[in-house]
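Below is entry_20.txt, which holds compact mmCIF, C-alpha atoms and all ligand atoms.
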# COMPACT_ATOMS: atom_id res chain seq x y z
CA MET N 21 -35.65 -1.32 -132.83
CA GLN N 22 -37.06 -2.72 -129.61
CA LYS N 23 -36.66 -6.41 -128.89
CA THR N 24 -39.87 -8.38 -129.12
CA VAL N 25 -38.65 -11.37 -127.16
CA ILE N 26 -37.79 -10.70 -123.49
CA THR N 27 -35.39 -13.22 -122.03
CA ARG N 28 -35.07 -14.03 -118.31
CA LYS N 29 -31.74 -12.19 -118.23
CA ASP N 30 -33.28 -9.09 -119.86
CA ALA N 31 -36.01 -9.10 -117.24
CA GLN N 32 -33.52 -9.27 -114.38
CA GLU N 33 -31.39 -6.48 -115.80
CA ALA N 34 -34.49 -4.32 -116.37
CA LYS N 35 -35.48 -4.91 -112.76
CA ILE N 36 -32.09 -3.82 -111.48
CA LYS N 37 -32.12 -0.78 -113.74
CA THR N 38 -35.58 0.20 -112.52
CA ARG N 39 -34.49 -0.09 -108.88
CA ALA N 40 -31.38 1.96 -109.55
CA MET N 41 -33.40 4.65 -111.27
CA ALA N 42 -35.90 4.68 -108.43
CA LYS N 43 -33.02 5.46 -106.04
CA GLY N 44 -31.79 8.17 -108.42
CA THR N 45 -28.59 6.31 -109.16
CA GLU N 46 -27.18 4.98 -112.36
CA ARG N 47 -26.74 1.27 -112.80
CA LYS N 48 -23.01 0.69 -113.09
CA ILE N 49 -22.51 -3.05 -112.84
CA THR N 50 -24.04 -6.13 -114.40
CA LEU N 51 -25.86 -8.80 -112.46
CA SER N 52 -22.96 -11.23 -112.74
CA GLU N 53 -20.58 -8.55 -111.48
CA ALA N 54 -22.86 -7.84 -108.52
CA LYS N 55 -23.00 -11.51 -107.65
CA GLN N 56 -19.23 -11.76 -107.86
CA LYS N 57 -18.80 -8.76 -105.61
CA SER N 58 -21.25 -10.22 -103.14
CA ARG N 59 -19.33 -13.49 -103.06
CA GLN N 60 -16.09 -11.56 -102.44
CA ARG N 61 -17.70 -9.65 -99.60
CA MET N 62 -18.85 -12.89 -97.99
CA VAL N 63 -15.38 -14.40 -98.21
CA LYS N 64 -13.84 -11.26 -96.73
CA THR N 65 -16.37 -11.13 -93.89
CA THR N 66 -15.78 -14.77 -93.03
CA ALA N 67 -12.01 -14.27 -93.06
CA ASP N 68 -12.33 -11.33 -90.69
CA LYS N 69 -14.25 -13.39 -88.17
CA VAL N 70 -12.08 -16.50 -88.06
CA ASN N 71 -9.21 -16.16 -85.63
CA ASP N 72 -6.73 -18.98 -85.97
CA ILE N 73 -5.61 -19.55 -82.40
CA TYR N 74 -2.91 -21.90 -83.60
CA GLY N 75 -1.50 -19.31 -85.98
CA ASN N 76 1.39 -18.54 -83.66
CA ALA N 77 2.36 -22.19 -83.41
CA LEU N 78 2.19 -22.68 -87.17
CA SER N 79 4.05 -19.48 -88.03
CA SER N 80 6.81 -20.30 -85.55
CA MET N 81 7.58 -23.73 -87.00
CA MET N 82 10.42 -22.35 -89.08
CA SER N 83 11.63 -19.72 -86.62
CA ILE N 84 15.12 -19.95 -85.20
CA ARG N 85 15.39 -20.73 -81.51
CA SER N 86 17.74 -18.90 -79.21
CA GLU N 87 19.21 -19.95 -75.88
CA THR N 88 17.58 -20.64 -72.53
CA GLY N 89 18.65 -18.22 -69.81
CA VAL N 90 19.40 -19.10 -66.21
CA VAL N 91 19.98 -16.72 -63.32
CA TYR N 92 21.10 -17.47 -59.76
CA ASP N 93 23.67 -16.28 -57.25
CA GLU N 94 25.69 -18.43 -54.87
CA SER N 95 25.14 -15.92 -52.05
CA MET N 96 21.48 -16.93 -51.95
CA ALA N 97 22.59 -19.83 -49.75
CA LEU N 98 23.45 -17.42 -46.91
CA HIS N 99 19.84 -16.78 -45.90
CA CYS N 100 19.05 -19.14 -43.00
CA CYS N 101 17.27 -19.24 -39.65
CA LEU N 102 19.73 -18.35 -36.88
CA TRP N 103 17.58 -19.64 -34.01
CA ASP N 104 16.21 -22.83 -35.57
CA LYS N 105 18.68 -24.91 -37.54
CA SER N 106 15.95 -27.36 -38.57
CA TYR N 107 13.72 -24.69 -40.10
CA PRO N 108 12.19 -26.12 -43.31
CA GLU N 109 13.16 -23.15 -45.48
CA CYS N 110 16.90 -23.77 -45.58
CA PRO N 111 19.91 -23.08 -47.86
CA GLU N 112 19.78 -26.66 -49.22
CA ARG N 113 16.62 -25.76 -51.07
CA PHE N 114 18.83 -23.64 -53.26
CA THR N 115 22.12 -25.54 -53.26
CA SER N 116 20.56 -28.93 -54.06
CA VAL N 117 18.92 -27.49 -57.16
CA ILE N 118 22.11 -25.79 -58.35
CA ASN N 119 24.21 -28.88 -57.63
CA ARG N 120 21.84 -31.15 -59.47
CA CYS N 121 21.75 -28.77 -62.44
CA ARG N 122 25.53 -28.89 -62.53
CA GLU N 123 25.61 -32.68 -62.28
CA MET N 124 23.27 -32.94 -65.22
CA LYS N 125 25.30 -30.29 -67.05
CA LEU N 126 22.21 -28.16 -67.48
CA ILE N 127 23.77 -24.88 -66.41
CA GLU N 128 26.43 -25.03 -69.12
CA ARG N 129 23.74 -25.55 -71.72
CA CYS N 130 22.09 -22.29 -70.72
CA LYS N 131 23.10 -18.69 -71.09
CA GLU N 132 23.90 -17.36 -67.63
CA ILE N 133 22.19 -14.07 -66.89
CA LYS N 134 24.03 -11.76 -64.51
CA PRO N 135 22.03 -11.35 -61.28
CA ARG N 136 21.32 -7.87 -60.01
CA LEU N 137 19.66 -6.08 -57.09
CA ALA N 138 16.17 -4.69 -57.57
CA THR N 139 15.92 -0.95 -57.09
CA LYS N 140 13.77 0.54 -54.37
CA SER N 141 11.44 2.05 -56.97
CA GLU N 142 10.95 -1.36 -58.59
CA VAL N 143 10.02 -2.95 -55.27
CA LEU N 144 7.65 -0.08 -54.49
CA THR N 145 5.54 -0.83 -57.57
CA ILE N 146 4.08 -3.71 -55.54
CA HIS N 147 4.99 -3.03 -51.89
CA THR N 148 4.60 -0.09 -49.53
CA THR N 149 7.46 2.14 -48.41
CA ASP N 150 7.02 0.97 -44.80
CA HIS N 151 7.29 -2.64 -45.93
CA TYR N 152 10.53 -1.90 -47.76
CA ASN N 153 11.97 0.25 -44.97
CA LEU N 154 11.27 -2.35 -42.30
CA LEU N 155 13.24 -5.01 -44.12
CA GLU N 156 15.98 -2.52 -44.94
CA SER N 157 16.29 -1.75 -41.21
CA THR N 158 17.40 -5.36 -40.65
CA LYS N 159 20.24 -5.12 -43.17
CA ASN N 160 23.41 -6.56 -41.63
CA CYS N 161 21.74 -6.52 -38.20
CA LEU N 162 23.68 -8.78 -35.81
CA ASN N 163 21.17 -8.55 -32.98
CA GLU N 164 19.64 -12.02 -33.20
CA ASP N 165 17.02 -11.26 -30.55
CA LEU N 166 15.81 -8.23 -32.50
CA LEU N 167 15.65 -10.22 -35.74
CA GLU N 168 13.64 -12.93 -34.01
CA GLU N 169 11.30 -10.38 -32.46
CA ILE N 170 10.57 -8.71 -35.81
CA SER N 171 10.14 -12.09 -37.47
CA SER N 172 7.65 -13.22 -34.82
CA ASN N 173 5.21 -10.55 -35.98
CA TYR N 174 4.68 -12.48 -39.21
CA ASP N 175 3.49 -15.93 -40.24
CA ALA N 176 6.27 -18.37 -41.22
CA ILE N 177 9.03 -15.77 -41.41
CA TYR N 178 12.62 -15.57 -40.22
CA ILE N 179 14.93 -12.69 -40.99
CA HIS N 180 18.69 -13.09 -41.40
CA PRO N 181 21.22 -10.23 -41.62
CA THR N 182 21.50 -10.97 -45.36
CA THR N 183 17.75 -11.20 -45.99
CA PHE N 184 17.26 -7.64 -47.22
CA ASN N 185 20.06 -7.80 -49.79
CA LEU N 186 19.16 -11.30 -50.92
CA SER N 187 15.49 -10.34 -51.30
CA LEU N 188 16.58 -7.47 -53.53
CA LEU N 189 18.86 -9.87 -55.42
CA ALA N 190 16.09 -12.45 -55.96
CA CYS N 191 13.69 -9.76 -57.11
CA GLY N 192 16.18 -7.92 -59.35
CA SER N 193 17.41 -11.17 -60.91
CA THR N 194 13.84 -12.10 -61.83
CA ILE N 195 13.37 -8.72 -63.49
CA GLU N 196 16.68 -9.13 -65.31
CA LEU N 197 15.66 -12.53 -66.66
CA VAL N 198 12.30 -11.19 -67.84
CA ASP N 199 14.09 -8.30 -69.55
CA ASN N 200 16.46 -10.68 -71.32
CA ILE N 201 13.53 -12.76 -72.53
CA LEU N 202 11.45 -9.80 -73.66
CA ASP N 203 14.45 -8.22 -75.38
CA GLY N 204 14.98 -11.45 -77.34
CA LYS N 205 18.41 -12.16 -75.86
CA VAL N 206 17.18 -15.59 -74.72
CA GLN N 207 14.17 -17.62 -75.83
CA ASN N 208 13.02 -18.49 -72.31
CA GLY N 209 14.61 -18.85 -68.90
CA MET N 210 14.69 -20.03 -65.34
CA ALA N 211 15.44 -18.07 -62.18
CA ILE N 212 16.75 -20.27 -59.37
CA ILE N 213 16.38 -17.90 -56.47
CA ARG N 214 15.61 -17.44 -52.81
CA PRO N 215 14.03 -15.99 -50.76
CA PRO N 216 10.87 -16.87 -52.68
CA GLY N 217 8.05 -14.40 -53.27
CA HIS N 218 4.48 -15.48 -54.01
CA HIS N 219 3.19 -15.13 -50.42
CA ALA N 220 4.65 -11.61 -49.98
CA MET N 221 1.79 -9.13 -49.83
CA LYS N 222 1.71 -5.38 -50.35
CA ALA N 223 2.61 -4.59 -46.76
CA GLU N 224 3.24 -7.93 -45.10
CA PHE N 225 5.99 -10.55 -45.11
CA ASN N 226 4.50 -14.02 -45.20
CA GLY N 227 5.39 -17.68 -45.75
CA TYR N 228 9.18 -17.33 -46.24
CA CYS N 229 8.55 -14.44 -48.68
CA PHE N 230 9.59 -10.78 -48.44
CA PHE N 231 9.35 -9.19 -51.89
CA ASN N 232 7.01 -10.74 -54.46
CA ASN N 233 9.51 -11.51 -57.22
CA VAL N 234 7.00 -12.58 -59.88
CA ALA N 235 4.59 -9.74 -59.16
CA VAL N 236 7.34 -7.10 -59.31
CA ALA N 237 8.70 -8.58 -62.56
CA ALA N 238 5.21 -8.73 -64.09
CA GLN N 239 4.53 -5.12 -63.11
CA HIS N 240 7.89 -4.15 -64.59
CA ALA N 241 6.95 -5.81 -67.90
CA LEU N 242 3.59 -4.01 -67.93
CA ASP N 243 5.11 -0.62 -67.10
CA ASN N 244 8.30 -0.68 -69.12
CA LYS N 245 8.14 -3.33 -71.82
CA SER N 246 4.89 -2.61 -73.63
CA VAL N 247 3.55 -5.99 -72.54
CA ASN N 248 -0.20 -5.99 -72.07
CA LYS N 249 -1.09 -9.62 -71.45
CA ILE N 250 0.72 -11.75 -68.87
CA LEU N 251 -0.20 -15.24 -67.70
CA ILE N 252 1.11 -16.26 -64.27
CA VAL N 253 0.90 -20.00 -63.58
CA ASP N 254 1.53 -20.90 -59.93
CA TRP N 255 1.82 -24.64 -59.28
CA ASP N 256 3.42 -24.35 -55.86
CA VAL N 257 1.41 -26.52 -53.48
CA HIS N 258 0.41 -23.40 -51.52
CA HIS N 259 -1.84 -20.64 -52.80
CA GLY N 260 0.10 -17.51 -53.79
CA GLN N 261 -2.20 -15.01 -52.15
CA GLY N 262 0.37 -12.21 -52.53
CA THR N 263 0.42 -12.54 -56.31
CA GLN N 264 -3.35 -12.93 -56.47
CA ARG N 265 -3.88 -9.70 -54.55
CA ALA N 266 -1.35 -7.78 -56.65
CA PHE N 267 -3.36 -8.22 -59.85
CA TYR N 268 -6.86 -8.96 -58.59
CA ASN N 269 -8.34 -5.95 -60.40
CA ASP N 270 -6.00 -5.96 -63.39
CA PRO N 271 -7.36 -7.52 -66.61
CA ARG N 272 -3.88 -7.54 -68.14
CA VAL N 273 -2.70 -10.32 -65.82
CA VAL N 274 -4.29 -13.77 -65.60
CA TYR N 275 -3.31 -15.53 -62.38
CA PHE N 276 -3.82 -19.31 -62.45
CA SER N 277 -3.01 -21.21 -59.26
CA ILE N 278 -3.27 -24.93 -58.48
CA HIS N 279 -2.95 -25.52 -54.75
CA ARG N 280 -3.97 -27.67 -51.83
CA PHE N 281 -6.98 -26.21 -50.12
CA GLU N 282 -8.81 -28.99 -48.30
CA HIS N 283 -11.79 -26.75 -47.69
CA GLY N 284 -9.60 -24.04 -46.20
CA THR N 285 -7.79 -26.22 -43.67
CA PHE N 286 -4.48 -26.14 -45.54
CA TRP N 287 -2.09 -23.21 -45.11
CA PRO N 288 -2.44 -20.27 -45.74
CA ASN N 289 -6.03 -21.08 -44.68
CA LEU N 290 -7.57 -18.23 -46.62
CA ARG N 291 -11.11 -18.05 -47.94
CA GLU N 292 -9.74 -16.14 -50.93
CA SER N 293 -7.86 -19.23 -52.11
CA ASP N 294 -11.12 -20.90 -53.16
CA PHE N 295 -12.45 -21.21 -56.69
CA ASP N 296 -15.01 -18.43 -56.41
CA TYR N 297 -12.39 -15.71 -56.02
CA VAL N 298 -12.26 -14.77 -59.68
CA GLY N 299 -10.96 -11.19 -59.68
CA SER N 300 -12.94 -7.99 -59.38
CA GLU N 301 -13.80 -4.82 -61.28
CA SER N 302 -12.19 -4.91 -64.72
CA GLY N 303 -10.12 -7.88 -63.58
CA GLU N 304 -13.18 -10.06 -63.00
CA GLY N 305 -12.59 -13.44 -64.63
CA THR N 306 -8.81 -13.14 -64.73
CA ASN N 307 -8.10 -14.84 -61.39
CA ILE N 308 -8.42 -18.62 -61.55
CA ASN N 309 -7.95 -20.74 -58.45
CA VAL N 310 -7.96 -24.52 -58.67
CA PRO N 311 -8.22 -25.49 -54.99
CA LEU N 312 -7.59 -29.18 -54.34
CA ASN N 313 -9.80 -30.49 -51.58
CA LYS N 314 -8.30 -33.99 -51.62
CA VAL N 315 -4.74 -35.23 -51.27
CA GLY N 316 -3.04 -37.95 -53.28
CA MET N 317 -3.52 -36.26 -56.64
CA THR N 318 -1.93 -38.08 -59.55
CA ASN N 319 -0.54 -37.31 -62.97
CA ALA N 320 -4.01 -37.65 -64.41
CA ASP N 321 -5.42 -35.03 -62.07
CA TYR N 322 -2.72 -32.51 -62.90
CA LEU N 323 -2.81 -33.21 -66.62
CA ALA N 324 -6.59 -32.84 -66.57
CA ILE N 325 -6.24 -29.45 -64.89
CA PHE N 326 -3.61 -28.38 -67.40
CA GLN N 327 -5.42 -29.61 -70.46
CA GLN N 328 -9.04 -28.97 -69.53
CA LEU N 329 -8.71 -25.73 -67.57
CA LEU N 330 -5.39 -23.99 -68.06
CA MET N 331 -4.86 -24.54 -71.77
CA PRO N 332 -8.29 -23.33 -72.96
CA ILE N 333 -7.96 -20.23 -70.79
CA ALA N 334 -4.41 -19.59 -71.96
CA VAL N 335 -5.24 -20.13 -75.63
CA GLU N 336 -8.13 -17.70 -75.38
CA PHE N 337 -6.06 -15.12 -73.48
CA GLN N 338 -3.06 -15.36 -75.85
CA PRO N 339 -0.47 -14.04 -73.38
CA GLU N 340 2.63 -12.21 -74.51
CA LEU N 341 4.58 -13.36 -71.46
CA ILE N 342 4.14 -16.44 -69.25
CA LEU N 343 5.60 -16.45 -65.74
CA ILE N 344 5.62 -19.71 -63.80
CA SER N 345 5.88 -19.76 -60.02
CA ALA N 346 7.46 -23.22 -59.96
CA GLY N 347 7.39 -24.18 -56.30
CA TYR N 348 8.81 -27.67 -55.86
CA ASP N 349 6.66 -28.60 -52.93
CA ALA N 350 3.99 -30.03 -55.23
CA ALA N 351 6.39 -32.77 -56.28
CA LEU N 352 6.85 -36.27 -54.96
CA GLY N 353 9.58 -36.42 -52.36
CA CYS N 354 9.06 -33.06 -50.69
CA MET N 355 10.08 -33.70 -47.08
CA GLU N 356 7.84 -30.98 -45.77
CA PHE N 357 4.71 -32.82 -46.83
CA GLN N 358 5.58 -36.50 -46.66
CA PRO N 359 4.40 -39.13 -46.23
CA ASP N 360 0.68 -38.74 -46.73
CA LEU N 361 0.48 -35.37 -48.35
CA ILE N 362 1.99 -36.14 -51.71
CA ILE N 363 0.31 -34.26 -54.51
CA VAL N 364 2.19 -35.03 -57.69
CA SER N 365 3.68 -38.33 -58.71
CA CYS N 366 4.46 -37.50 -62.34
CA GLY N 367 4.74 -41.19 -63.08
CA PHE N 368 8.14 -41.50 -61.51
CA ASP N 369 7.06 -43.15 -58.29
CA SER N 370 8.22 -46.55 -59.47
CA GLY N 371 10.34 -48.98 -57.50
CA LEU N 372 13.42 -47.81 -59.35
CA MET N 373 12.81 -44.26 -58.26
CA LYS N 374 12.96 -45.31 -54.61
CA PHE N 375 16.65 -46.04 -55.02
CA PHE N 376 17.34 -42.45 -55.81
CA SER N 377 18.09 -39.96 -53.09
CA LEU N 378 15.35 -37.72 -51.85
CA ILE N 379 16.89 -34.56 -53.18
CA PHE N 380 17.49 -36.16 -56.53
CA ALA N 381 13.85 -37.21 -56.64
CA VAL N 382 12.58 -33.80 -55.72
CA PHE N 383 14.61 -32.02 -58.29
CA PHE N 384 14.51 -34.56 -61.08
CA ILE N 385 10.75 -34.84 -60.94
CA SER N 386 10.44 -31.10 -60.75
CA VAL N 387 12.51 -30.66 -63.85
CA ILE N 388 10.55 -33.30 -65.73
CA PHE N 389 7.36 -31.71 -64.52
CA LEU N 390 8.51 -28.30 -65.64
CA HIS N 391 9.73 -29.67 -68.92
CA LEU N 392 6.46 -31.44 -69.58
CA PHE N 393 4.46 -28.34 -68.87
CA VAL N 394 6.67 -26.02 -70.86
CA SER N 395 6.60 -28.46 -73.76
CA ILE N 396 2.82 -28.39 -73.75
CA LEU N 397 2.82 -24.63 -73.60
CA LYS N 398 5.38 -24.35 -76.37
CA LYS N 399 3.26 -26.42 -78.71
CA ILE N 400 0.57 -23.83 -78.45
CA PHE N 401 2.38 -20.60 -77.85
CA GLU N 402 5.90 -20.82 -79.09
CA SER N 403 6.55 -17.88 -81.31
CA ASN N 404 8.69 -14.81 -81.36
CA ASN N 405 5.99 -12.94 -79.52
CA ILE N 406 5.24 -15.20 -76.59
CA LYS N 407 7.86 -15.73 -73.92
CA ILE N 408 8.10 -18.22 -71.11
CA CYS N 409 9.85 -17.51 -67.83
CA ILE N 410 10.10 -19.98 -64.96
CA ILE N 411 10.69 -18.64 -61.48
CA SER N 412 12.00 -21.60 -59.58
CA ALA N 413 11.87 -21.65 -55.85
CA LYS N 414 10.62 -23.83 -53.07
CA ILE N 415 7.94 -21.67 -51.53
ZN ZN N 501 4.75 -23.71 -51.20
Just give me the structure as structure tokens.
Amino acid sequence: MQKTVITRKDAQEAKIKTRAMAKGTERKITLSEAKQKSRQRMVKTTADKVNDIYGNALSSMMSIRSETGVVYDESMALHCCLWDKSYPECPERFTSVINRCREMKLIERCKEIKPRLATKSEVLTIHTTDHYNLLESTKNCLNEDLLEEISSNYDAIYIHPTTFNLSLLACGSTIELVDNILDGKVQNGMAIIRPPGHHAMKAEFNGYCFFNNVAVAAQHALDNKSVNKILIVDWDVHHGQGTQRAFYNDPRVVYFSIHRFEHGTFWPNLRESDFDYVGSESGEGTNINVPLNKVGMTNADYLAIFQQLLMPIAVEFQPELILISAGYDAALGCMEFQPDLIIVSCGFDSGLMKFFSLIFAVFFISVIFLHLFVSILKKIFESNNIKICIISAKI
């Protein structure tokens, strides 16, 4: 018998049934079931869209930390300028760091990574064969005049009979440290090496640099370690044009450099060191220059750059590996740039600090500076998937 009273619910169900029949389909679910399914779909859609950028930090809270690696080689003190004993790039740039690390018992707290030479094929991923062969031709060369003549063809370069081997050693040791980090043998690490690398270009020695250690190591990670997103932070006071050029078209590498620029009047005096050089082709937007046009920057300036520029970019990029070109010349106490060219004070320029020796100041502040930065990075990125590697050199 047909119902004489039609309720609101009956009307809704009849409507659904009519629509289903009109489409030639059978009605299979009730209205309440349909609503429930709709709600579930909405929840699922919302969940798909929300990406928790702090997920790595939260999920790593309970993870077990492993050691910090350190790599260096005493022979790196051999590289020196034979014809100018007062040349700024000198062995003490290496020995003072190592000595201070030992005094503070930092080395013994780290896992020492065995240094190694880079292979020719590794170097050739970034540099040309002619570039490699030219430096190789100076290996163990005792003709000082010839070394000086070759050096004079380049900007801020001297070549020593040990330079070729030590350049391979600096480059190979950087690769070895990155491998140890990516293989999970150490949590993070620091390479204390020279000659430095960030000014070395594809086919040109430049600014104390021969092989671009960070660029070769980054390329190695891309080619051999299934790493697809690398962040290179370069806080050396000079712009690392060699590293910028190496990855200018590569969207897998974000290069972030803070450097003195002073409208192009500061070395290396390149137009490409300015803020509007942002990468090209598929790498457009992955090259970030922060050129400083004024001197006397303070903690606040650097922290603002880190927090307001670097961190948002880094959080969005979510790198798998972070390489830091940690040139010390941005720190208070760098002889090369005193007295009026000081960039970073880091809050340690108090009266007490003036009692400390210059080398102590340079290194201590550098370490604090590095520690501060790495601590900030760790808060955001620390997980089993994101690695931090500091390449320490005065460049
Ligand atoms: Zn520098």
Taking a cut-off of 12 Å and counting all atoms listed in the file, can you build a table that, for each residue of chain N near ligand ZN 501 (chain N), reports the nearest atom pair and how far apart they are in Å (one decimal), sorted by chain then residue number, as CSV?
residue,atom,partner,partner_atom,distance
N:Pro108,CA,N:ZN501,ZN,11.1
N:Glu109,CA,N:ZN501,ZN,10.2
N:Ala176,CA,N:ZN501,ZN,11.4
N:Pro216,CA,N:ZN501,ZN,9.3
N:Gly217,CA,N:ZN501,ZN,10.1
N:His218,CA,N:ZN501,ZN,8.7
N:His219,CA,N:ZN501,ZN,8.8
N:Asn226,CA,N:ZN501,ZN,11.4
N:Gly227,CA,N:ZN501,ZN,8.2
N:Tyr228,CA,N:ZN501,ZN,9.2
N:Cys229,CA,N:ZN501,ZN,10.3
N:Asp254,CA,N:ZN501,ZN,9.7
N:Trp255,CA,N:ZN501,ZN,8.6
N:Asp256,CA,N:ZN501,ZN,4.9
N:Val257,CA,N:ZN501,ZN,4.9
N:His258,CA,N:ZN501,ZN,4.4
N:His259,CA,N:ZN501,ZN,7.4
N:Gly260,CA,N:ZN501,ZN,8.2
N:Gln261,CA,N:ZN501,ZN,11.2
N:Ser277,CA,N:ZN501,ZN,11.5
N:Ile278,CA,N:ZN501,ZN,10.9
N:His279,CA,N:ZN501,ZN,8.7
N:Arg280,CA,N:ZN501,ZN,9.6
N:Phe286,CA,N:ZN501,ZN,11.1
N:Trp287,CA,N:ZN501,ZN,9.2
N:Pro288,CA,N:ZN501,ZN,9.7
N:Ser345,CA,N:ZN501,ZN,9.7
N:Ala346,CA,N:ZN501,ZN,9.2
N:Gly347,CA,N:ZN501,ZN,5.8
N:Tyr348,CA,N:ZN501,ZN,7.3
N:Asp349,CA,N:ZN501,ZN,5.5
N:Ala350,CA,N:ZN501,ZN,7.5
N:Ala351,CA,N:ZN501,ZN,10.5
N:Cys354,CA,N:ZN501,ZN,10.3
N:Glu356,CA,N:ZN501,ZN,9.6
N:Phe357,CA,N:ZN501,ZN,10.1
N:Ile363,CA,N:ZN501,ZN,11.9
N:Ser412,CA,N:ZN501,ZN,11.3
N:Ala413,CA,N:ZN501,ZN,8.7
N:Lys414,CA,N:ZN501,ZN,6.2
N:Ile415,CA,N:ZN501,ZN,3.8
Could you jot down the atom CA of Thr306 of chain N to atom CA of Glu340 of chain N separation for me, Å, one decimal place?
->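 Atom-to-atom, atom CA of Thr306 of chain N and atom CA of Glu340 of chain N are spaced 15.1 Å apart.
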Nearby residues (all atoms listed in the file) at most 9 Å from Arg265 of chain N, same-chain spacing under 3 positions excluded, as a PyMOL selection string | chain N and resi 221-222+260-262+268-269+299
What gap, in Å, lies between atom CA of Lys159 of chain N and atom CA of Thr194 of chain N?
->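 Spanning atom CA of Lys159 of chain N to atom CA of Thr194 of chain N is a straight-line distance of 20.9 Å.
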Could you please determine the separation between atom CA of Lys314 of chain N and atom CA of Gln264 of chain N in Å, to one decimal place?
->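 Between these atoms lies a distance of 22.2 Å.
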Residue among N:Thr145, N:Asn200, N:Ser302, N:Thr263 lying closest to Lys131 of chain N, counting only C-alpha atoms |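 Among N:Thr145, N:Asn200, N:Ser302, N:Thr263, it is N:Asn200 that comes nearest to Lys131 of chain N.
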Closest of N:Gln207, N:His180, N:Lys125, N:Ser86 to Thr158 of chain N - atom-to-atom distances counting all atoms listed in the file |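 Checking each of N:Gln207, N:His180, N:Lys125, N:Ser86 against Thr158 of chain N, counting all atoms listed in the file, the winner is N:His180.
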List the neighbours of Thr139 of chain N out to 9 Å using all atoms listed in the file; skip same-chain residues closer than 5 positions along the sequence, and give me the result as a list of chain:residue names.
->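 With the cut-off at 9 Å, the set is N:Leu144, N:Leu188, N:Gly192.
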Enclosing box along x, y and z for every listed atom of segment 138-145 of chain N, padded 3 Å each side, centre and size in Å, one decimal, as lines of an AutoDock Vina configuration file:
center_x = 10.9
center_y = -1.3
center_z = -56.5
size_x = 16.6
size_y = 12.7
size_z = 10.2
Within 12 Å of segment 170-172 of chain N, counting all atoms listed in the file, which residues show up once you throw out same-chain ones fewer than 3 positions away? Write them as a list in words, please.
->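 With the cut-off at 12 Å, the set is Cys101, Leu102, Trp103, Leu154, Leu155, Ser157, Thr158, Cys161, Asn163, Glu164, Asp165, Leu166, Leu167, Asp175, Ala176, Ile177, Tyr178, Ile179, His180, Pro181, Thr183, Glu224, Phe225, Asn226, Gly227, Tyr228, Cys229 and Phe230 of chain N.
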Nearest to Asn233 of chain N among N:Leu343, N:Leu162, N:Ala334, N:Ala97, with distances taken over all atoms listed in the file: which residue is it?
->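 The closest residue to Asn233 of chain N is N:Leu343.
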Just give me the residues with any atom within 9 Å of (20.7, -16.5, -53.9), file coordinates, counting only C-alpha atoms, written as a compact mmCIF listing (two decimals) with C-alpha atoms, keeping the file's coordinate frame.
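Dumped to out-v1.txt:
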# COMPACT_ATOMS: atom_id res chain seq x y z
CA TYR N 92 21.10 -17.47 -59.76
CA ASP N 93 23.67 -16.28 -57.25
CA GLU N 94 25.69 -18.43 -54.87
CA SER N 95 25.14 -15.92 -52.05
CA MET N 96 21.48 -16.93 -51.95
CA ALA N 97 22.59 -19.83 -49.75
CA LEU N 98 23.45 -17.42 -46.91
CA HIS N 99 19.84 -16.78 -45.90
CA PRO N 111 19.91 -23.08 -47.86
CA PHE N 114 18.83 -23.64 -53.26
CA LEU N 186 19.16 -11.30 -50.92
CA SER N 187 15.49 -10.34 -51.30
CA LEU N 189 18.86 -9.87 -55.42
CA ALA N 190 16.09 -12.45 -55.96
CA ILE N 212 16.75 -20.27 -59.37
CA ILE N 213 16.38 -17.90 -56.47
CA ARG N 214 15.61 -17.44 -52.81
CA PRO N 215 14.03 -15.99 -50.76
Given only C-alpha atoms as the counted atoms, nearest of N:Thr115, N:Asn232, N:Asn173, N:Gln338 to Tyr152 of chain N | N:Asn232
